[in-house]
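Worksheet: the structure to be examined is printed underneath.
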Amino acid sequence: MADVLLDDVSRVFPDGSAAVSHLTLHVRQGELMAIVGPSGCGKSTVLRLIAGLDPLATGTISIGGRVVNRLPPGERNVAMVFEAAALYPHLTAAQNLRFALSLRKLPADEIQQRVDAETRVLRLGRFLDRKPRTLSAGQRQRVAVGRATVRVPSVFLLDEPLTHMDAGERIRLRTELAQLQHGLGVTAVYVTHDQSQAMAIGDRVAVMRAGRIEQVDEPRTLYRRPANAFVASFMGEP
């Protein structure tokens, strides 16, 4: 388990435009932080900066008290689930779940125990022998979540993971995600453009606009005491 601290972080493109500008955010250990905002506000870039997929222009990122600015993604002990499940198409669901553990050369019995545990929590038993192309969007996303959490990372990053599901499936899986995250005790950052999802799943919610954070608060406080007119109008719908 680890907290995440972004201190005065910026991401600037070669043309000089800023996706994220002097952003500071502390995600507490074991917390599920939801980041919400309109399209293009920089919320997915925040995840990519934490993961090490995008370069920093300024600022510092720390995970568990360790500055990770110069660490490659593979050494940050984070797991990311993208909007598209991004599974290995030639592998079955079970093989996708085992893949990262096999790379770490864990004992076969430990790999099986972890895969069995994820299978029970995410109800994947019927899908283990099937390849991604034969699964529904919701089933693929369950496998992607399982692949990310099976190795129990320090930080769990979710980028719009429920976008392509129908309403009922979204509600079911977002509840399962929250239960899984709290059960593991892993710090998580969940990005969405959907205010209802953010309010339902986040221990706290960060509202972003144009690369900056407008307010960070618990959902009830955010809804009842918005910091400004933008937050009030953006979060007003739920």
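Note on naming: chains are A, B, ... as they come in the structure tokens, residues start from 1 per chain, ligands start from 1 in the order shown.
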Discussion item. I'd like to know which residues of region 7-176 of chain A are helix (DSSP H, G or I) (by DSSP, run on the backbone); could you write them as a PyMOL selection string?
Written reply: chain A and resi 43-51+73-75+93-103+108-122+125-127+132-134+137-149+167-176
Item to complete: Could you give me, as a PyMOL selection string, each residue of region 98-184 of chain A that DSSP assigns to strand (DSSP E or B) when run on this structure's backbone?
Response: chain A and resi 155-159
Worksheet item: Which one of A:Gly16, A:Gly138, A:Gly146, A:Gly37 sits closest to Ala206 (chain A) if you count only C-alpha atoms?
Response: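 Under the stated criterion, the closest residue is A:Gly37.
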Worksheet item: Which one of A:Ala18, A:Met235, A:Ile201, A:Ala117 sits closest to Leu222 (chain A) if you count only C-alpha atoms?
Response: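 That would be A:Met235, the residue with the smallest distance to Leu222 (chain A).
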Practice prompt. Calculate how many Å separate CA of Asp129 (chain A) from CA of Arg98 (chain A), rounding to one decimal.
Written response: 12.5 Å
Practice prompt. Check the smallest atom-to-atom distance from each of A:Ser21, A:Thr92, A:Thr60, A:Ser154 to Ala188 (chain A) using only C-alpha atoms, then report the winner.
Written response: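 Closest to Ala188 (chain A) of all the choices is A:Ser154.
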Item to complete: For Val12 (chain A), please output as a PyMOL selection string all residues within 10 Å (counting only C-alpha atoms; exclusion window: fewer than 3 positions along the same chain).
Response: chain A and resi 15-21+54-58
Fill in: Shell around Ser39 (chain A) at 12 Å using only C-alpha atoms, local window under 4 positions removed, as a ChimeraX atom specification
/A:19,35,43-45,160,191-194,208-211
Worksheet entry | Residue contacts of Arg76 (chain A) (9 Å, only C-alpha atoms) excluding same-chain residues fewer than 5 positions away, as an MDAnalysis selection string | chainID A and resid 50:52 63 68 71 154:155
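Considering the residues A:Arg212, A:Gly59, A:Arg220, A:Gln29 and counting only C-alpha atoms, Ser10 (chain A) has its shortest atom-to-atom contact with A:Gly59.
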